[in-house]
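Below is target-v3.tsv, holding TSV, C-alpha atoms.
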chain	number	residue	atom	x	y	z
A	1	MET	CA	-6.80	35.20	6.55
A	2	SER	CA	-9.70	35.19	8.99
A	3	ASP	CA	-9.14	33.92	12.52
A	4	ALA	CA	-11.18	30.81	11.86
A	5	ASP	CA	-8.86	29.66	9.06
A	6	ARG	CA	-5.61	30.31	10.86
A	7	PRO	CA	-3.70	27.32	12.18
A	8	VAL	CA	-3.77	27.08	15.98
A	9	VAL	CA	-0.47	26.99	17.88
A	10	LEU	CA	-0.46	26.21	21.59
A	11	ILE	CA	2.58	27.39	23.58
A	12	VAL	CA	3.21	25.47	26.81
A	13	GLU	CA	6.00	27.31	28.65
A	14	ASP	CA	6.40	28.11	32.33
A	15	GLU	CA	8.58	31.20	31.89
A	16	PRO	CA	6.19	34.10	31.09
A	17	ASP	CA	8.76	36.26	29.27
A	18	VAL	CA	9.82	33.44	27.00
A	19	ALA	CA	6.20	32.47	26.26
A	20	GLU	CA	5.33	36.09	25.48
A	21	THR	CA	8.26	36.36	23.05
A	22	TYR	CA	7.09	33.29	21.12
A	23	ARG	CA	3.55	34.69	21.03
A	24	LEU	CA	4.71	38.02	19.60
A	25	TRP	CA	6.66	36.24	16.87
A	26	LEU	CA	3.79	33.97	15.88
A	27	ASP	CA	0.77	36.21	16.43
A	28	ALA	CA	0.64	37.64	12.91
A	29	ASP	CA	0.35	34.25	11.22
A	30	TYR	CA	-1.36	31.93	13.67
A	31	ASP	CA	-4.07	31.76	16.28
A	32	VAL	CA	-1.77	31.55	19.32
A	33	ARG	CA	-2.88	30.09	22.67
A	34	MET	CA	-0.84	30.05	25.86
A	35	ALA	CA	-0.48	27.73	28.81
A	36	HIS	CA	1.95	28.22	31.67
A	37	SER	CA	2.19	24.64	32.89
A	38	GLY	CA	1.73	21.11	31.66
A	39	ASP	CA	-1.67	20.84	33.39
A	40	GLU	CA	-2.89	24.10	31.85
A	41	GLY	CA	-1.60	22.87	28.51
A	42	LEU	CA	-3.73	19.73	28.70
A	43	ASP	CA	-6.79	21.86	29.58
A	44	GLU	CA	-6.22	24.04	26.53
A	45	LEU	CA	-5.82	21.10	24.15
A	46	ASP	CA	-8.62	20.11	21.83
A	47	GLU	CA	-9.14	19.02	18.21
A	48	SER	CA	-8.59	22.55	16.94
A	49	VAL	CA	-4.92	22.70	18.00
A	50	ASP	CA	-2.55	22.05	15.07
A	51	VAL	CA	0.87	22.51	16.65
A	52	VAL	CA	2.05	22.41	20.28
A	53	LEU	CA	5.32	24.00	21.39
A	54	LEU	CA	6.15	22.12	24.54
A	55	ASP	CA	8.87	23.06	27.00
A	56	ARG	CA	10.51	19.88	28.20
A	57	MET	CA	11.57	21.06	31.66
A	58	MET	CA	8.65	22.47	33.62
A	59	PRO	CA	7.63	22.25	37.27
A	60	GLY	CA	4.68	19.88	37.72
A	61	LEU	CA	3.93	17.78	34.63
A	62	SER	CA	7.04	17.52	32.43
A	63	GLY	CA	6.98	17.87	28.66
A	64	ASP	CA	7.41	14.11	28.26
A	65	GLU	CA	4.38	13.44	30.47
A	66	VAL	CA	2.25	15.97	28.62
A	67	LEU	CA	3.23	14.37	25.31
A	68	GLU	CA	2.26	10.95	26.58
A	69	ARG	CA	-1.20	12.20	27.58
A	70	ILE	CA	-1.65	13.95	24.23
A	71	ARG	CA	-0.93	10.69	22.40
A	72	ASP	CA	-3.15	8.73	24.84
A	73	ARG	CA	-6.03	11.07	24.03
A	74	GLY	CA	-5.48	10.32	20.34
A	75	LEU	CA	-5.14	13.98	19.36
A	76	ASP	CA	-3.36	14.27	16.04
A	77	CYS	CA	-1.64	17.60	16.71
A	78	ARG	CA	2.08	17.96	16.01
A	79	VAL	CA	4.29	18.44	19.03
A	80	ALA	CA	7.64	20.25	19.00
A	81	MET	CA	9.77	19.84	22.08
A	82	VAL	CA	11.66	22.87	23.31
A	83	THR	CA	14.82	21.77	25.04
A	84	ALA	CA	18.15	23.04	26.31
A	85	VAL	CA	20.17	20.09	24.95
A	86	GLU	CA	20.33	18.77	21.39
A	87	PRO	CA	18.72	15.30	21.29
A	88	ASP	CA	19.15	12.39	18.84
A	89	PHE	CA	16.51	10.54	16.80
A	90	ASP	CA	15.37	9.09	20.13
A	91	ILE	CA	13.06	12.05	20.63
A	92	LEU	CA	11.29	11.03	17.41
A	93	GLU	CA	10.98	7.51	18.80
A	94	MET	CA	9.42	8.99	21.95
A	95	GLY	CA	6.68	10.54	19.85
A	96	PHE	CA	7.82	14.15	19.46
A	97	ASP	CA	7.59	15.51	15.92
A	98	ALA	CA	10.44	18.01	16.14
A	99	TYR	CA	12.68	19.74	18.62
A	100	LEU	CA	13.95	23.25	19.11
A	101	CYS	CA	17.06	24.08	21.12
A	102	LYS	CA	17.03	27.12	23.37
A	103	PRO	CA	17.65	29.95	22.75
A	104	ILE	CA	15.23	29.93	19.83
A	105	LYS	CA	15.24	32.54	17.08
A	106	SER	CA	12.13	33.87	15.38
A	107	ASP	CA	12.87	32.39	11.95
A	108	GLN	CA	13.62	28.98	13.47
A	109	LEU	CA	10.30	28.99	15.25
A	110	HIS	CA	8.39	29.95	12.10
A	111	GLU	CA	10.23	27.32	10.09
A	112	THR	CA	9.44	24.58	12.59
A	113	VAL	CA	5.74	25.46	12.80
A	114	GLU	CA	5.48	25.61	8.99
A	115	ASN	CA	7.29	22.30	8.66
A	116	LEU	CA	4.92	20.63	11.14
A	117	LEU	CA	1.89	22.02	9.31
A	118	GLY	CA	3.48	20.65	6.13
A	119	ARG	CA	3.62	17.19	7.66
A	120	SER	CA	-0.08	17.27	8.47
A	121	GLU	CA	-0.81	18.41	4.93
A	122	TYR	CA	1.39	15.62	3.54
A	123	ASP	CA	-0.50	12.98	5.58
A	124	ASP	CA	-3.83	14.29	4.32
A	125	LEU	CA	-2.63	14.31	0.70
A	126	LEU	CA	-1.22	10.79	1.02
A	127	GLN	CA	-4.50	9.54	2.47
A	128	GLU	CA	-6.48	11.06	-0.43
A	129	TYR	CA	-3.94	9.71	-2.91
A	130	TYR	CA	-4.30	6.19	-1.52
A	131	ALA	CA	-8.11	6.35	-1.62
A	132	LEU	CA	-8.00	7.39	-5.30
A	133	VAL	CA	-5.48	4.71	-6.24
A	134	GLU	CA	-7.87	2.16	-4.71
A	135	LYS	CA	-10.73	3.68	-6.67
A	136	GLN	CA	-8.72	3.56	-9.88
A	137	ALA	CA	-7.85	-0.11	-9.35
A	138	THR	CA	-11.49	-0.96	-8.61
A	139	LEU	CA	-12.71	0.76	-11.78
A	140	GLU	CA	-9.99	-0.92	-13.86
A	141	ALA	CA	-11.03	-4.33	-12.55
A	142	ALA	CA	-14.72	-3.73	-13.28
A	143	LYS	CA	-14.62	-2.14	-16.73
A	144	SER	CA	-13.09	-2.84	-20.14
A	145	ASN	CA	-10.50	-0.45	-21.62
A	146	ALA	CA	-13.13	1.00	-23.94
A	147	GLU	CA	-15.50	1.63	-21.06
A	148	LEU	CA	-12.74	3.26	-19.03
A	149	THR	CA	-11.94	5.84	-21.73
A	150	GLU	CA	-15.62	6.70	-21.85
A	151	SER	CA	-15.97	6.91	-18.07
A	152	GLU	CA	-16.00	10.46	-16.74
A	153	GLU	CA	-15.45	9.13	-13.26
A	154	TYR	CA	-12.32	7.24	-14.30
A	155	VAL	CA	-10.87	10.19	-16.19
A	156	GLY	CA	-11.58	12.41	-13.16
A	157	VAL	CA	-9.84	9.99	-10.82
A	158	GLN	CA	-6.79	9.86	-13.09
A	159	GLU	CA	-6.57	13.65	-13.31
A	160	ARG	CA	-6.80	14.05	-9.55
A	161	ILE	CA	-4.13	11.35	-9.04
A	162	ALA	CA	-1.75	13.26	-11.32
A	163	GLU	CA	-2.44	16.49	-9.39
A	164	LEU	CA	-1.84	14.79	-6.05
A	165	GLN	CA	1.47	13.35	-7.25
A	166	GLY	CA	2.60	16.88	-7.94
A	167	ASP	CA	1.31	18.21	-4.62
A	168	LEU	CA	2.95	15.37	-2.69
A	169	SER	CA	6.34	15.95	-4.30
A	170	GLU	CA	6.16	19.65	-3.41
A	171	THR	CA	5.03	19.18	0.19
A	172	LEU	CA	8.01	18.68	2.54
A	173	ASN	CA	10.18	18.94	-0.62
A	174	GLY	CA	9.44	15.29	-1.33
A	175	ILE	CA	10.65	14.27	2.15
A	176	ASP	CA	14.23	15.43	1.89
A	177	SER	CA	14.94	15.61	5.63
A	178	ASP	CA	15.61	12.67	7.96
A	179	GLU	CA	13.22	14.01	10.59
A	180	ASP	CA	10.34	14.34	8.11
A	181	PHE	CA	11.05	10.83	6.85
A	182	ILE	CA	11.11	9.12	10.26
A	183	ALA	CA	8.17	11.12	11.64
A	184	THR	CA	6.03	10.36	8.55
A	185	LEU	CA	6.71	6.64	8.90
A	186	ARG	CA	5.96	6.80	12.62
A	187	GLY	CA	2.66	8.46	11.73
A	188	LEU	CA	1.75	5.47	9.53
A	189	ASN	CA	2.38	3.19	12.53
A	190	ASP	CA	0.13	5.30	14.76
A	191	LEU	CA	-2.71	5.21	12.25
A	192	ASP	CA	-2.33	1.49	11.86
A	193	GLU	CA	-2.72	0.75	15.56
B	1	MET	CA	24.99	10.28	-13.36
B	2	THR	CA	22.54	7.46	-13.93
B	3	TYR	CA	22.44	3.86	-12.69
B	4	ASP	CA	23.20	0.86	-14.86
B	5	LEU	CA	21.02	-1.98	-13.60
B	6	SER	CA	21.41	-4.09	-16.72
B	7	ALA	CA	24.18	-6.47	-15.55
B	8	PRO	CA	21.81	-9.27	-14.53
B	9	LEU	CA	19.02	-8.30	-16.91
B	10	GLU	CA	19.88	-6.89	-20.34
B	11	PHE	CA	17.21	-4.35	-21.15
B	12	ASP	CA	18.21	-1.05	-22.77
B	13	ALA	CA	16.00	0.90	-20.39
B	14	LEU	CA	17.91	-0.54	-17.43
B	15	GLU	CA	21.25	0.79	-18.70
B	16	ASP	CA	20.69	4.35	-17.59
B	17	VAL	CA	18.14	4.56	-14.85
B	18	ARG	CA	17.46	7.99	-13.42
B	19	PRO	CA	18.48	8.48	-9.74
B	20	GLY	CA	15.37	8.41	-7.60
B	21	SER	CA	13.69	5.66	-9.63
B	22	ASN	CA	11.88	2.98	-7.67
B	23	ILE	CA	11.06	-0.36	-9.24
B	24	LEU	CA	8.70	-3.12	-8.12
B	25	VAL	CA	10.00	-6.63	-8.83
B	26	SER	CA	7.03	-8.99	-9.07
B	27	GLY	CA	6.96	-12.74	-9.58
B	28	PRO	CA	5.90	-16.06	-8.07
B	29	ALA	CA	7.67	-17.60	-5.07
B	30	MET	CA	11.18	-18.97	-5.76
B	31	SER	CA	11.40	-17.24	-9.14
B	32	GLY	CA	14.62	-15.38	-8.34
B	33	LYS	CA	13.25	-11.93	-7.44
B	34	ALA	CA	15.56	-11.37	-4.48
B	35	ASP	CA	18.52	-12.83	-6.35
B	36	LEU	CA	17.91	-10.40	-9.22
B	37	CYS	CA	17.74	-7.40	-6.86
B	38	ILE	CA	20.85	-8.41	-4.93
B	39	SER	CA	22.71	-8.92	-8.24
B	40	MET	CA	21.80	-5.36	-9.20
B	41	LEU	CA	23.07	-4.07	-5.85
B	42	ALA	CA	26.26	-6.14	-6.11
B	43	ASP	CA	27.02	-4.62	-9.51
B	44	GLY	CA	26.69	-1.18	-7.92
B	45	SER	CA	29.03	-2.19	-5.09
B	46	ARG	CA	31.66	-3.19	-7.70
B	47	ARG	CA	31.43	0.41	-8.93
B	48	GLY	CA	31.90	1.78	-5.40
B	49	GLU	CA	28.25	2.72	-4.87
B	50	GLY	CA	26.48	2.23	-1.55
B	51	ALA	CA	24.13	-0.70	-0.94
B	52	VAL	CA	21.29	-0.87	1.58
B	53	VAL	CA	19.45	-4.17	1.95
B	54	MET	CA	16.25	-4.37	3.97
B	55	THR	CA	15.37	-7.96	4.75
B	56	THR	CA	12.25	-9.51	6.25
B	57	GLY	CA	13.37	-13.11	5.72
B	58	ASP	CA	17.11	-13.73	5.86
B	59	ARG	CA	19.26	-12.79	8.83
B	60	ALA	CA	21.67	-9.88	8.39
B	61	ASP	CA	24.72	-12.17	8.61
B	62	GLU	CA	23.24	-14.45	5.92
B	63	VAL	CA	22.67	-11.46	3.67
B	64	LEU	CA	26.24	-10.29	4.20
B	65	ASP	CA	27.78	-13.76	3.71
B	66	ASP	CA	25.96	-14.08	0.40
B	67	TYR	CA	26.91	-10.54	-0.60
B	68	ARG	CA	30.63	-11.17	0.03
B	69	THR	CA	30.62	-14.11	-2.38
B	70	ARG	CA	29.21	-11.85	-5.11
B	71	VAL	CA	31.59	-8.91	-4.90
B	72	GLU	CA	35.35	-9.34	-4.98
B	73	ASP	CA	37.25	-6.98	-2.65
B	74	LEU	CA	34.00	-5.64	-1.26
B	75	ASP	CA	34.29	-2.38	0.69
B	76	GLU	CA	31.89	-3.29	3.48
B	77	SER	CA	31.89	0.19	4.94
B	78	ARG	CA	29.55	0.98	2.02
B	79	VAL	CA	27.06	-1.77	2.85
B	80	ALA	CA	24.16	-1.49	5.29
B	81	VAL	CA	21.53	-4.06	6.24
B	82	VAL	CA	18.20	-3.26	7.89
B	83	ASP	CA	17.16	-6.55	9.46
B	84	CYS	CA	13.40	-6.59	10.10
B	85	ARG	CA	12.98	-10.16	11.21
B	86	GLY	CA	12.25	-8.91	14.68
B	87	GLU	CA	14.24	-10.37	17.51
B	88	GLY	CA	13.30	-8.01	20.29
B	89	SER	CA	14.19	-4.36	20.51
B	90	ARG	CA	15.82	-1.95	18.09
B	91	SER	CA	19.61	-1.98	18.05
B	92	ASP	CA	22.51	-1.42	15.71
B	93	GLU	CA	25.98	-2.83	15.27
B	94	ARG	CA	29.06	-2.67	13.08
B	95	THR	CA	30.32	-6.03	11.84
B	96	ALA	CA	34.01	-6.95	12.10
B	97	GLU	CA	34.25	-6.40	8.33
B	98	GLY	CA	32.78	-2.89	8.64
B	99	ALA	CA	29.18	-3.27	7.44
B	100	TYR	CA	26.44	-1.37	9.27
B	101	VAL	CA	23.53	-3.44	10.59
B	102	TYR	CA	20.33	-2.12	12.14
B	103	HIS	CA	17.85	-4.48	13.79
B	104	VAL	CA	14.19	-3.48	13.73
B	105	SER	CA	11.81	-4.92	16.32
B	106	SER	CA	9.38	-6.34	13.71
B	107	PRO	CA	8.42	-5.89	10.03
B	108	GLY	CA	5.51	-3.80	11.29
B	109	ASP	CA	7.81	-1.39	13.13
B	110	LEU	CA	7.82	1.42	10.57
B	111	THR	CA	9.48	3.91	12.91
B	112	GLY	CA	12.38	1.49	13.37
B	113	ILE	CA	12.56	0.96	9.61
B	114	GLY	CA	12.76	4.73	9.13
B	115	ILE	CA	15.55	5.06	11.67
B	116	GLY	CA	17.46	2.06	10.26
B	117	ILE	CA	17.33	3.33	6.68
B	118	THR	CA	18.28	6.84	7.79
B	119	LYS	CA	21.27	5.65	9.79
B	120	GLY	CA	22.27	3.30	6.97
B	121	LEU	CA	22.20	6.08	4.37
B	122	GLU	CA	24.09	8.37	6.73
B	123	THR	CA	26.79	5.77	7.40
B	124	LEU	CA	27.28	5.09	3.69
B	125	ALA	CA	27.49	8.80	2.90
B	126	ASN	CA	30.08	9.27	5.67
B	127	ASN	CA	32.11	6.49	4.08
B	128	GLY	CA	32.13	8.21	0.71
B	129	ALA	CA	29.14	6.60	-1.02
B	130	GLU	CA	26.90	9.45	-2.15
B	131	GLU	CA	25.12	7.23	-4.65
B	132	GLY	CA	23.63	3.87	-3.97
B	133	ARG	CA	21.04	1.18	-4.46
B	134	PHE	CA	18.39	-0.08	-2.07
B	135	ALA	CA	16.58	-3.42	-2.03
B	136	LEU	CA	13.60	-4.46	0.10
B	137	ASP	CA	12.79	-8.18	0.24
B	138	SER	CA	9.91	-8.55	0.60
B	139	LEU	CA	6.76	-6.44	0.54
B	140	SER	CA	4.74	-9.67	0.80
B	141	THR	CA	6.00	-10.17	4.35
B	142	MET	CA	5.23	-6.52	5.13
B	143	LEU	CA	1.68	-7.17	3.91
B	144	THR	CA	1.22	-9.94	6.47
B	145	TYR	CA	2.15	-7.55	9.29
B	146	THR	CA	0.17	-4.55	8.22
B	147	ASP	CA	-2.60	-3.66	5.78
B	148	ARG	CA	-2.47	-2.69	2.11
B	149	LYS	CA	-3.08	0.97	2.84
B	150	THR	CA	-0.10	1.18	5.18
B	151	VAL	CA	2.20	-0.74	2.82
B	152	PHE	CA	1.17	1.50	-0.09
B	153	LYS	CA	1.93	4.61	1.96
B	154	LEU	CA	5.21	3.09	3.15
B	155	CYS	CA	6.23	2.44	-0.47
B	156	HIS	CA	5.33	5.98	-1.45
B	157	VAL	CA	7.29	7.51	1.44
B	158	LEU	CA	10.34	5.29	0.84
B	159	SER	CA	10.22	6.09	-2.89
B	160	SER	CA	10.10	9.82	-2.12
B	161	ARG	CA	13.02	9.49	0.27
B	162	PHE	CA	15.16	7.62	-2.29
B	163	ASP	CA	14.17	10.19	-4.88
B	164	SER	CA	15.54	12.97	-2.63
B	165	ALA	CA	18.61	10.91	-1.75
B	166	GLY	CA	19.34	10.11	-5.42
B	167	TYR	CA	19.20	6.36	-4.81
B	168	VAL	CA	17.48	3.67	-6.85
B	169	GLY	CA	15.11	1.34	-5.01
B	170	LEU	CA	14.10	-2.25	-5.78
B	171	PHE	CA	11.16	-3.83	-3.95
B	172	THR	CA	10.11	-7.48	-4.30
B	173	ILE	CA	6.55	-8.79	-4.09
B	174	ASP	CA	5.19	-12.32	-4.48
B	175	SER	CA	2.70	-11.98	-7.33
B	176	GLU	CA	0.79	-15.10	-6.31
B	177	ALA	CA	0.43	-14.29	-2.62
B	178	HIS	CA	-1.96	-11.35	-3.11
B	179	ASP	CA	-5.09	-10.53	-5.09
B	180	ASP	CA	-4.88	-8.53	-8.32
B	181	GLN	CA	-6.20	-5.37	-6.71
B	182	THR	CA	-3.38	-5.40	-4.13
B	183	ILE	CA	-0.71	-5.66	-6.83
B	184	GLN	CA	-2.46	-2.95	-8.91
B	185	VAL	CA	-2.54	-0.59	-5.93
B	186	ILE	CA	1.02	-1.23	-4.70
B	187	LYS	CA	2.33	-0.84	-8.29
B	188	GLN	CA	1.11	2.76	-8.33
B	189	ALA	CA	3.75	3.72	-5.73
B	190	PHE	CA	6.56	2.88	-8.21
B	191	ASP	CA	8.09	4.29	-11.37
B	192	GLY	CA	8.33	0.92	-13.05
B	193	MET	CA	7.96	-2.79	-12.63
B	194	ILE	CA	10.00	-5.87	-13.53
B	195	GLU	CA	7.75	-8.91	-13.95
B	196	ILE	CA	9.23	-12.37	-13.61
B	197	ARG	CA	7.69	-15.64	-14.74
B	198	ASP	CA	8.75	-19.22	-14.99
B	199	ASP	CA	8.26	-20.63	-18.49
B	200	GLU	CA	8.80	-24.40	-18.50
B	201	GLY	CA	11.85	-24.21	-16.28
B	202	THR	CA	13.39	-21.03	-17.68
B	203	ARG	CA	13.22	-17.72	-15.89
B	204	GLN	CA	11.92	-14.84	-17.97
B	205	ALA	CA	11.47	-11.17	-17.20
B	206	ARG	CA	9.99	-8.09	-18.77
B	207	LEU	CA	10.12	-4.44	-17.87
B	208	LEU	CA	7.07	-2.19	-17.62
B	209	GLY	CA	6.91	1.52	-17.01
B	210	LEU	CA	10.41	2.99	-16.96
B	211	ALA	CA	10.61	3.57	-20.70
B	212	GLY	CA	7.17	3.66	-22.23
B	213	GLN	CA	5.92	0.41	-23.71
B	214	PRO	CA	6.37	-2.93	-21.93
B	215	THR	CA	9.37	-4.88	-23.23
B	216	GLU	CA	9.24	-8.42	-24.60
B	217	TRP	CA	9.75	-11.34	-22.22
B	218	ARG	CA	13.43	-12.24	-22.06
B	219	GLU	CA	15.30	-15.12	-20.43
B	220	PHE	CA	17.76	-14.29	-17.70
Please go through the file and, once you have read it, give me the structure as structure tokens.
Amino acid sequence: MSDADRPVVLIVEDEPDVAETYRLWLDADYDVRMAHSGDEGLDELDESVDVVLLDRMMPGLSGDEVLERIRDRGLDCRVAMVTAVEPDFDILEMGFDAYLCKPIKSDQLHETVENLLGRSEYDDLLQEYYALVEKQATLEAAKSNAELTESEEYVGVQERIAELQGDLSETLNGIDSDEDFIATLRGLNDLDE
Amino acid sequence: MTYDLSAPLEFDALEDVRPGSNILVSGPAMSGKADLCISMLADGSRRGEGAVVMTTGDRADEVLDDYRTRVEDLDESRVAVVDCRGEGSRSDERTAEGAYVYHVSSPGDLTGIGIGITKGLETLANNGAEEGRFALDSLSTMLTYTDRKTVFKLCHVLSSRFDSAGYVGLFTIDSEAHDDQTIQVIKQAFDGMIEIRDDEGTRQARLLGLAGQPTEWREF
């Protein structure tokens, strides 16, 4: 995969050794960027960032404050909080997409990043699916059954809908985790506002 | 195992419904949509299954009072209500009889709905109900709080979640409160549909989707 296609992961972590460890683990699969404080993290953030790993306890801006500013700026990156204590669903209510408890292992980190990329993919698929279902309903209202069978556009829409149903049920394993479920619904709220 | 939803509505295809099936229940106002769904849940409760009711109209205690009259010796530790009528902030409680109730801040609070359903499913599973039935009454209220796109996506995500959890889901919609296109679009998020109509004072229903061809209209 060329650099341009690789998902971008931003690590915001004040301890250099810890940050460097995460970078080494992720470097082979992602375009990794580093920031050593909350302020630096906000400077590094732009539309190209897909996933942020955010340490909750940092001098200066805390992880919670950084998250708030990310959401205020309307960036649709996924944010995983790195924390020393295991939280409840309340972190999802706060706007985090996932959490990781220290000490983190390499496979956990990979799994979390992949899961968060999966959520973005799911949202995109669901948006396309909705647009096509609207299209299908519009065509059905405008044309007779005979016209529909003849319509290349209608047949194309139906084929793509069937494909998307399959893709959606494979992404996030059809939403089989509580975190994916709650975060996906929260995402619908955000879009609606 | 499969679910037998045929107690209040005798269609063959409702006798063994695959876990993970989600059904839209569509009909005019006051045609017995919610009553039909709750009857299907009550029959599951008699078999020891879990029941999760999400309400946008009746209060949680009203839902539970009604539910108790339907099921003799109800094990309320296997009943959860997600009350979306919106009386302030999110909170949860356990009733004296043991049912789990989660209050959502408004029908448009999808995050709260997600948390309430999750905690409800978790509570029921902890109390031994691995299988169960879900009812949402009603999508029409949801559609007044948020747009068609969001409600469609909500239905798809809930359906996927119940599919993974092995539940069956029943969702009511007022067929006369929305335009045809809205019903056509929302329908796509479901595996099947029960249509209800009032024919000169008698309630009739038919089933579309779950088992191929639409059934005949039948009184219930």
With range 177-186 of chain A as the partner and 10 Å as the cut-off, tabulate the residues of range 12-101 of chain A that qualify, each row holding the nearest pair of atoms and their distance in Å to one decimal, using all atoms listed in the file, sorted by chain and rising number, as JSON lines.
{"residue": "A:Phe89", "atom": "CA", "partner": "A:Glu179", "partner_atom": "CA", "distance": 7.8}
{"residue": "A:Leu92", "atom": "CA", "partner": "A:Ala183", "partner_atom": "CA", "distance": 6.6}
{"residue": "A:Glu93", "atom": "CA", "partner": "A:Arg186", "partner_atom": "CA", "distance": 8.0}
{"residue": "A:Gly95", "atom": "CA", "partner": "A:Arg186", "partner_atom": "CA", "distance": 8.2}
{"residue": "A:Phe96", "atom": "CA", "partner": "A:Ala183", "partner_atom": "CA", "distance": 8.4}
{"residue": "A:Asp97", "atom": "CA", "partner": "A:Ala183", "partner_atom": "CA", "distance": 6.2}
{"residue": "A:Ala98", "atom": "CA", "partner": "A:Glu179", "partner_atom": "CA", "distance": 7.4}
{"residue": "A:Tyr99", "atom": "CA", "partner": "A:Glu179", "partner_atom": "CA", "distance": 9.9}
How close does chain B get to chain A? List, as JSON lines, each residue of chain B within 9 Å, its nearest atom pair and the distance in Å to one decimal, counting all atoms listed in the file.
{"residue": "B:Gly108", "atom": "CA", "partner": "A:Asn189", "partner_atom": "CA", "distance": 7.8}
{"residue": "B:Asp109", "atom": "CA", "partner": "A:Asn189", "partner_atom": "CA", "distance": 7.1}
{"residue": "B:Leu110", "atom": "CA", "partner": "A:Leu185", "partner_atom": "CA", "distance": 5.6}
{"residue": "B:Thr111", "atom": "CA", "partner": "A:Arg186", "partner_atom": "CA", "distance": 4.6}
{"residue": "B:Gly112", "atom": "CA", "partner": "A:Glu93", "partner_atom": "CA", "distance": 8.2}
{"residue": "B:Ile113", "atom": "CA", "partner": "A:Leu185", "partner_atom": "CA", "distance": 8.2}
{"residue": "B:Gly114", "atom": "CA", "partner": "A:Ile182", "partner_atom": "CA", "distance": 4.8}
{"residue": "B:Ile115", "atom": "CA", "partner": "A:Ile182", "partner_atom": "CA", "distance": 6.2}
{"residue": "B:Thr118", "atom": "CA", "partner": "A:Asp178", "partner_atom": "CA", "distance": 6.4}
{"residue": "B:Thr146", "atom": "CA", "partner": "A:Asp192", "partner_atom": "CA", "distance": 7.5}
{"residue": "B:Asp147", "atom": "CA", "partner": "A:Asp192", "partner_atom": "CA", "distance": 8.0}
{"residue": "B:Lys149", "atom": "CA", "partner": "A:Tyr130", "partner_atom": "CA", "distance": 6.9}
{"residue": "B:Thr150", "atom": "CA", "partner": "A:Leu188", "partner_atom": "CA", "distance": 6.4}
{"residue": "B:Phe152", "atom": "CA", "partner": "A:Tyr130", "partner_atom": "CA", "distance": 7.3}
{"residue": "B:Lys153", "atom": "CA", "partner": "A:Leu126", "partner_atom": "CA", "distance": 7.0}
{"residue": "B:Leu154", "atom": "CA", "partner": "A:Leu185", "partner_atom": "CA", "distance": 6.9}
{"residue": "B:His156", "atom": "CA", "partner": "A:Leu126", "partner_atom": "CA", "distance": 8.5}
{"residue": "B:Val157", "atom": "CA", "partner": "A:Phe181", "partner_atom": "CA", "distance": 7.4}
{"residue": "B:Leu158", "atom": "CA", "partner": "A:Phe181", "partner_atom": "CA", "distance": 8.2}
{"residue": "B:Ser160", "atom": "CA", "partner": "A:Gly174", "partner_atom": "CA", "distance": 5.6}
{"residue": "B:Arg161", "atom": "CA", "partner": "A:Ile175", "partner_atom": "CA", "distance": 5.7}
{"residue": "B:Phe162", "atom": "CA", "partner": "A:Asp176", "partner_atom": "CA", "distance": 8.9}
{"residue": "B:Asp163", "atom": "CA", "partner": "A:Gly174", "partner_atom": "CA", "distance": 7.8}
{"residue": "B:Ser164", "atom": "CA", "partner": "A:Asp176", "partner_atom": "CA", "distance": 5.3}
{"residue": "B:Ala165", "atom": "CA", "partner": "A:Asp176", "partner_atom": "CA", "distance": 7.3}
{"residue": "B:Asp180", "atom": "CA", "partner": "A:Ala141", "partner_atom": "CA", "distance": 8.6}
{"residue": "B:Gln181", "atom": "CA", "partner": "A:Ala137", "partner_atom": "CA", "distance": 6.1}
{"residue": "B:Thr182", "atom": "CA", "partner": "A:Ala137", "partner_atom": "CA", "distance": 8.7}
{"residue": "B:Gln184", "atom": "CA", "partner": "A:Ala137", "partner_atom": "CA", "distance": 6.1}
{"residue": "B:Val185", "atom": "CA", "partner": "A:Val133", "partner_atom": "CA", "distance": 6.1}
{"residue": "B:Ile186", "atom": "CA", "partner": "A:Val133", "partner_atom": "CA", "distance": 8.9}
{"residue": "B:Gln188", "atom": "CA", "partner": "A:Val133", "partner_atom": "CA", "distance": 7.2}
CA of Gly201 in chain B to CA of Val25 in chain B, distance in Å rounded to a single decimal: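 Between CA of Gly201 in chain B and CA of Val25 in chain B the gap works out to 19.2 Å.
Residues near the point (-2.1, 19.6, 10.4), at a distance of 12 Å or less over only C-alpha atoms, make up Arg6, Pro7, Val8, Val9, Glu47, Ser48, Val49, Asp50, Val51, Val52, Leu75, Asp76, Cys77, Arg78, Val79, Asp97, Val113, Glu114, Asn115, Leu116, Leu117, Gly118, Arg119, Ser120, Glu121, Tyr122, Asp123, Asp124 and Leu125 of chain A.
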Å distance separating CA of Pro8 in chain B from CA of Glu219 in chain B, one decimal place: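 Value for the CA of Pro8 in chain B-CA of Glu219 in chain B distance: 10.6 Å.
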Atomic distance CA of Met81 in chain A - CA of Ile117 in chain B, expressed in Å with one decimal: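 These atoms are spaced 23.8 Å apart.
Those residues that approach range 204-213 of chain B to within 6 Å, counting all atoms listed in the file, are Gly192, Met193, Ile194, Glu195, Ile196, Arg197, Trp217, Arg218, Glu219 and Phe220 of chain B; same-chain residues fewer than 4 positions away are not listed.
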Nearest residue to Asp55 in chain A from the set A:Thr83, A:Gln165, A:Gln158, A:Thr171 (distances using all atoms listed in the file): A:Thr83
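Comparing the minimum interatomic distances between Tyr3 in chain B and each of B:Tyr167, B:Phe134, B:Tyr102, B:Tyr67, counting only C-alpha atoms, we find that B:Tyr167 sits nearest.
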Polymer residues at most 10 Å from Leu54 in chain A, all atoms listed in the file, same-chain spacing of 4 or more positions, as number ranges by chain: A: 10-14, 35, 37-38, 41, 58, 62-64, 66-67, 79-83, 96, 99-100
